[in-house]
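Report on the following structure.
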Amino acid sequence: MTASSPRILVTTSRMPFAVDEIHKLGEAGRDVTAADTFAAAPGSHSRGARRHLVLPAPTQQTTAFVDAVIDAIGEYDITWLLPMFEEVFYLARHRDRISAAHPDIELFFPDFETLARVHDKVGFTALCRELGLPAAASVTTTSRDELREATRQWPHWFARAAFGRGGLDVLTNTGPLAGESSIDDITPTPDDPWLVQEYLAGVDRCSWSIAHHGEIVLHSCYEHPLAIDDRGGIVFASVDSPESLAAAQTIARELNWHGQISFDYLVTDDGVHHMVECNPRPTAGCTVATSAEFDTALFDPGELVVVPAGRKKMIKAAVLRDALQHPSHLRRDLAAAKGAGGVYDQPHDHLPLLYSALSLQHIAAYRKELGMDRNKSEELMATQFFDVLWDGTAIA
């Protein structure tokens with residue numbers, strides 16, 4: 001390693017794509033410091049991490065979190081800050097303070113206003129329409145009465161909170177999630193609006209890209225042939241999708257995007273890729289890129305690289321869980337997982353798999369604190385990132 005080699009701080013190392021990116025950086029010989037709000041975060045125990053840190057929770061302890069990041073940058077001579085989840089909003093809000101303390105740090109994420117514009121599903125849908133990108137017809141609602149009225153516009157509809165994530169905060173009368181929630185349980189407000197859209201039938205696709213100052217240098221598009229509880233994918237299969245690349249590049253150029261960016265699409269039978277939402281951070285699409293592709297895209301970008309179709313990764317423990325809970329799914333699960341490499345258990349790097357089980361203590365402690373005694377899937381998912389999310393409220 002040369003003196004000029006990047007030294008990377010990866011935050012929110014619990015996420016599966018963080019585990020993957022830390023592993024890739026380690027394979028490329030990079031010096032990686034992995035950090036999260038609890039010691040058992042799986043990515044912190046990857047062989048790709050030279051060291052790991054426990055940081056204050058950005059959502060609940062923003063000032064202490066930013067202070068700790070600034071201290072870590074100085075203590076470990078960090079030259080790249082690489083956030084993995086919604087802690088990026090807290091880092092971006094305090095971007096000037098971080099840069100003032102460490103003028104040479106590479107902050108590989110956009111400014112706060114740019115991040116917020118695409119994270120808000122209402123604002124993102126408006127941006128797509130401005131850019132001529134297809135999106136389902138929709139209505140923004142800021143009260144329960146408006147929400148109820150909007151659902152009467154289509155026989156089949158789908159509603160989402162503007163700042164929801166991970167398949168949470170959804171309401172629909174069609175598909176596998178129909179009836180899970182009631183309009184009577186939802187109260188949109190001007191600060192927490194809900195988007196009601198026409199329900200479109202089709203195939204879910206997702207993309208992930210690395211962009212430098214508005215130009216995408218690495219792109220993958222994938223489908224998830226297996227999902228957990230009809231929400232998040234647990235098997236990821238790369239596919240050819242020029243449409244997703246074109247859409248991602250259009251938005252990256254419009255916003256001069258610098259960092260990682262991901263999108264969800266709904267592909268209808270006519271082949272149209274309807275824009276669904278943006279995740280202004282990495283997602284599982286990184287798992288189907290190679291270590292060399294990822295490292296080059298970050299530190300030595302050149303010509304655009306598109307991940308070819310046919311690569312496959314999986315969260316093996318989640319596949320096993322689904323098969324054990326639903327024995328009738330066994331044949332389907334095996335078919336979906338065939339040929340897929342693991343995300344938490346990569347060659348010569350198996351500790352993240354162990355710590356993915358140990359980290360459940362973090363979830364259990366939070367559920368106990370809130371008095372949760374129901375095993376509802378949306379509660380389980382929410383507690384996985386309660387301390388690193390941003391819901392649109394002002395950041396001090």
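Ligands are numbered from 1 in the order shown, residues from 1 within each chain, and chains are lettered A, B, ... in the order they appear in the structure tokens.
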So that each row is one residue of stretch 77-131 of chain A with an atom at most 8 Å from stretch 12-36 of chain A, can you give its shortest atom pair and the distance in Å to one decimal, using only C-alpha atoms, rows by chain and rising number, as a Markdown table?
| residue | atom | partner | partner_atom | distance |
| --- | --- | --- | --- | --- |
| A:Pro83 | CA | A:Thr12 | CA | 6.9 |
| A:Met84 | CA | A:Thr12 | CA | 5.7 |
| A:Phe85 | CA | A:Thr12 | CA | 6.4 |
| A:Glu87 | CA | A:Thr12 | CA | 7.5 |
Once you count only C-alpha atoms, what closest atom pair and distance in Å to one decimal does each residue of stretch 174-281 of chain A within 10 Å of stretch 122-145 of chain A have, with rows by chain and rising residue number, as a Markdown table?
| residue | atom | partner | partner_atom | distance |
| --- | --- | --- | --- | --- |
| A:Ile183 | CA | A:Arg144 | CA | 7.2 |
| A:Asp184 | CA | A:Arg144 | CA | 7.7 |
| A:Asp185 | CA | A:Arg144 | CA | 9.1 |
| A:Ile186 | CA | A:Arg144 | CA | 6.7 |
| A:Thr187 | CA | A:Arg144 | CA | 5.2 |
| A:Pro188 | CA | A:Ser143 | CA | 4.6 |
| A:Thr189 | CA | A:Thr142 | CA | 4.2 |
| A:Pro190 | CA | A:Thr142 | CA | 4.9 |
| A:Asp191 | CA | A:Thr142 | CA | 7.9 |
| A:Asp192 | CA | A:Thr142 | CA | 7.2 |
| A:Pro193 | CA | A:Thr142 | CA | 4.8 |
| A:Trp194 | CA | A:Thr141 | CA | 5.3 |
| A:Leu195 | CA | A:Thr140 | CA | 4.7 |
| A:Val196 | CA | A:Val139 | CA | 5.2 |
| A:Gln197 | CA | A:Ser138 | CA | 4.1 |
| A:Glu198 | CA | A:Ala137 | CA | 5.8 |
| A:Tyr199 | CA | A:Ala136 | CA | 7.8 |
| A:Leu200 | CA | A:Ala136 | CA | 7.4 |
| A:Ala246 | CA | A:Leu133 | CA | 9.7 |
| A:Ala247 | CA | A:Leu133 | CA | 7.0 |
| A:Thr250 | CA | A:Leu131 | CA | 7.7 |
| A:Ile251 | CA | A:Leu131 | CA | 7.9 |
| A:Glu254 | CA | A:Leu131 | CA | 8.5 |
| A:Tyr265 | CA | A:Ala135 | CA | 8.9 |
| A:Leu266 | CA | A:Ala135 | CA | 8.9 |
| A:Val272 | CA | A:Pro134 | CA | 7.6 |
| A:His273 | CA | A:Pro134 | CA | 6.9 |
| A:His274 | CA | A:Ala135 | CA | 4.7 |
| A:Met275 | CA | A:Ala135 | CA | 4.9 |
| A:Val276 | CA | A:Ala135 | CA | 6.7 |
| A:Glu277 | CA | A:Phe124 | CA | 6.9 |
| A:Cys278 | CA | A:Phe124 | CA | 7.2 |
Among A:Leu298, A:Val305, A:Ala159, A:Ala323, A:Ser220 is approached most closely, using only C-alpha atoms, by A:Val305
inquiry  = Please list as number ranges by chain every residue within 8 Å of stretch 90-105 of chain A, counting only C-alpha atoms and excluding residues in the same chain fewer than 4 positions away.
reply    = A: 58-59, 62, 66, 70, 73-74, 78-81, 86, 109-112, 395
Note to self: Show me, as JSON, numbers by chain, the residues that have an atom within 9 Å of A:His224 when counting only C-alpha atoms, minus same-chain residues fewer than 2 positions from it.
What the structure shows: {"A": [204, 205, 206, 222, 226, 227, 232, 233, 234, 235, 236, 237, 238, 336]}
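Among the candidates A:Ser5, A:Ser244, A:Thr287, A:Ser46, the residue lying nearest to A:Phe299 is A:Ser5 (atoms considered: only C-alpha atoms).
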| task | Write out as number ranges by chain all residues of stretch 45-203 of chain A that backbone DSSP assigns to strand (DSSP E or B). | result | A: 51-54, 80-83, 106-107, 135, 138-141, 157-161, 170-172, 194-198, 203
Please write the residues from the selection above to a file, keeping N, CA and C atoms, as a CSV table (one decimal), in the first residue's frame.
chain,number,residue,atom,x,y,z
A,51,ARG,N,-10.1,-2.5,11.0
A,51,ARG,CA,-10.5,-2.1,12.4
A,51,ARG,C,-12.0,-1.8,12.4
A,52,HIS,N,-12.6,-1.8,13.5
A,52,HIS,CA,-14.0,-1.4,13.6
A,52,HIS,C,-14.3,-0.5,14.8
A,53,LEU,N,-15.3,0.4,14.6
A,53,LEU,CA,-15.6,1.4,15.6
A,53,LEU,C,-17.1,1.3,16.0
A,54,VAL,N,-17.4,1.8,17.2
A,54,VAL,CA,-18.8,1.9,17.6
A,54,VAL,C,-19.1,3.4,17.7
A,80,TRP,N,-11.3,8.8,2.7
A,80,TRP,CA,-12.6,8.6,2.0
A,80,TRP,C,-13.7,8.3,3.0
A,81,LEU,N,-14.8,9.0,2.9
A,81,LEU,CA,-16.0,8.7,3.8
A,81,LEU,C,-17.0,8.1,2.9
A,82,LEU,N,-17.4,6.9,3.2
A,82,LEU,CA,-18.3,6.1,2.4
A,82,LEU,C,-19.5,5.6,3.2
A,83,PRO,N,-20.6,6.4,3.2
A,83,PRO,CA,-21.8,6.0,4.0
A,83,PRO,C,-22.6,4.9,3.3
A,106,GLU,N,-12.3,13.0,1.1
A,106,GLU,CA,-13.3,12.8,-0.1
A,106,GLU,C,-14.6,12.4,0.5
A,107,LEU,N,-15.6,13.2,0.4
A,107,LEU,CA,-16.9,12.9,0.9
A,107,LEU,C,-17.7,12.4,-0.3
A,135,ALA,N,-43.5,7.4,-14.9
A,135,ALA,CA,-43.9,7.1,-13.5
A,135,ALA,C,-45.4,6.9,-13.5
A,138,SER,N,-50.2,9.7,-10.1
A,138,SER,CA,-50.1,9.7,-8.6
A,138,SER,C,-50.8,11.0,-8.1
A,139,VAL,N,-51.1,11.0,-6.9
A,139,VAL,CA,-51.7,12.1,-6.1
A,139,VAL,C,-51.0,12.2,-4.8
A,140,THR,N,-50.6,13.4,-4.4
A,140,THR,CA,-50.0,13.6,-3.1
A,140,THR,C,-51.1,14.0,-2.1
A,141,THR,N,-51.1,13.4,-0.9
A,141,THR,CA,-52.1,13.6,0.1
A,141,THR,C,-51.4,14.1,1.4
A,157,TRP,N,-55.0,0.5,-6.5
A,157,TRP,CA,-54.1,1.6,-6.1
A,157,TRP,C,-53.0,1.2,-5.1
A,158,PHE,N,-52.0,2.0,-5.0
A,158,PHE,CA,-50.9,1.7,-4.1
A,158,PHE,C,-50.4,3.0,-3.4
A,159,ALA,N,-50.4,3.1,-2.1
A,159,ALA,CA,-50.0,4.3,-1.4
A,159,ALA,C,-48.7,4.1,-0.6
A,160,ARG,N,-47.9,5.1,-0.5
A,160,ARG,CA,-46.6,5.0,0.2
A,160,ARG,C,-46.3,6.3,0.9
A,161,ALA,N,-45.7,6.2,2.1
A,161,ALA,CA,-45.2,7.4,2.8
A,161,ALA,C,-44.1,8.0,2.0
A,170,VAL,N,-46.6,1.2,3.7
A,170,VAL,CA,-47.3,1.1,2.4
A,170,VAL,C,-48.7,0.7,2.7
A,171,LEU,N,-49.6,1.0,1.7
A,171,LEU,CA,-51.0,0.7,1.8
A,171,LEU,C,-51.5,0.4,0.4
A,172,THR,N,-52.2,-0.7,0.2
A,172,THR,CA,-52.7,-1.0,-1.1
A,172,THR,C,-54.0,-1.9,-1.0
A,194,TRP,N,-48.3,11.4,1.9
A,194,TRP,CA,-48.4,10.1,1.3
A,194,TRP,C,-48.6,10.2,-0.2
A,195,LEU,N,-48.0,9.4,-0.9
A,195,LEU,CA,-48.2,9.4,-2.4
A,195,LEU,C,-49.1,8.2,-2.7
A,196,VAL,N,-50.2,8.5,-3.4
A,196,VAL,CA,-51.2,7.5,-3.9
A,196,VAL,C,-51.0,7.3,-5.4
A,197,GLN,N,-50.8,6.1,-5.8
A,197,GLN,CA,-50.5,5.9,-7.3
A,197,GLN,C,-51.4,4.8,-7.8
A,198,GLU,N,-51.6,4.8,-9.1
A,198,GLU,CA,-52.3,3.7,-9.8
A,198,GLU,C,-51.4,2.5,-9.6
A,203,VAL,N,-43.0,-6.5,-13.3
A,203,VAL,CA,-41.8,-7.1,-12.7
A,203,VAL,C,-41.0,-6.0,-12.0
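Each of A:Ala309, A:Leu255, A:Val10, A:Val88 was compared to A:Arg281 using only C-alpha atoms, and A:Val88 turns out to be the nearest.
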Please extract the residues of stretch 26-244 of chain A with a backbone DSSP assignment of helix (DSSP H, G or I) and present them as number ranges by chain. A: 26-27, 42-45, 62-75, 87-93, 95-101, 112-119, 121-130, 144-153, 183-185, 242-244
Taken to one decimal, the atom CA of A:Asp300-atom CA of A:Ser4 distance is 12.9 Å
Find the distance between atom CA of A:Ala396 and atom CA of A:Ala68 and write it in Å to one decimal.
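Going from atom CA of A:Ala396 over to atom CA of A:Ala68, I get 15.9 Å.
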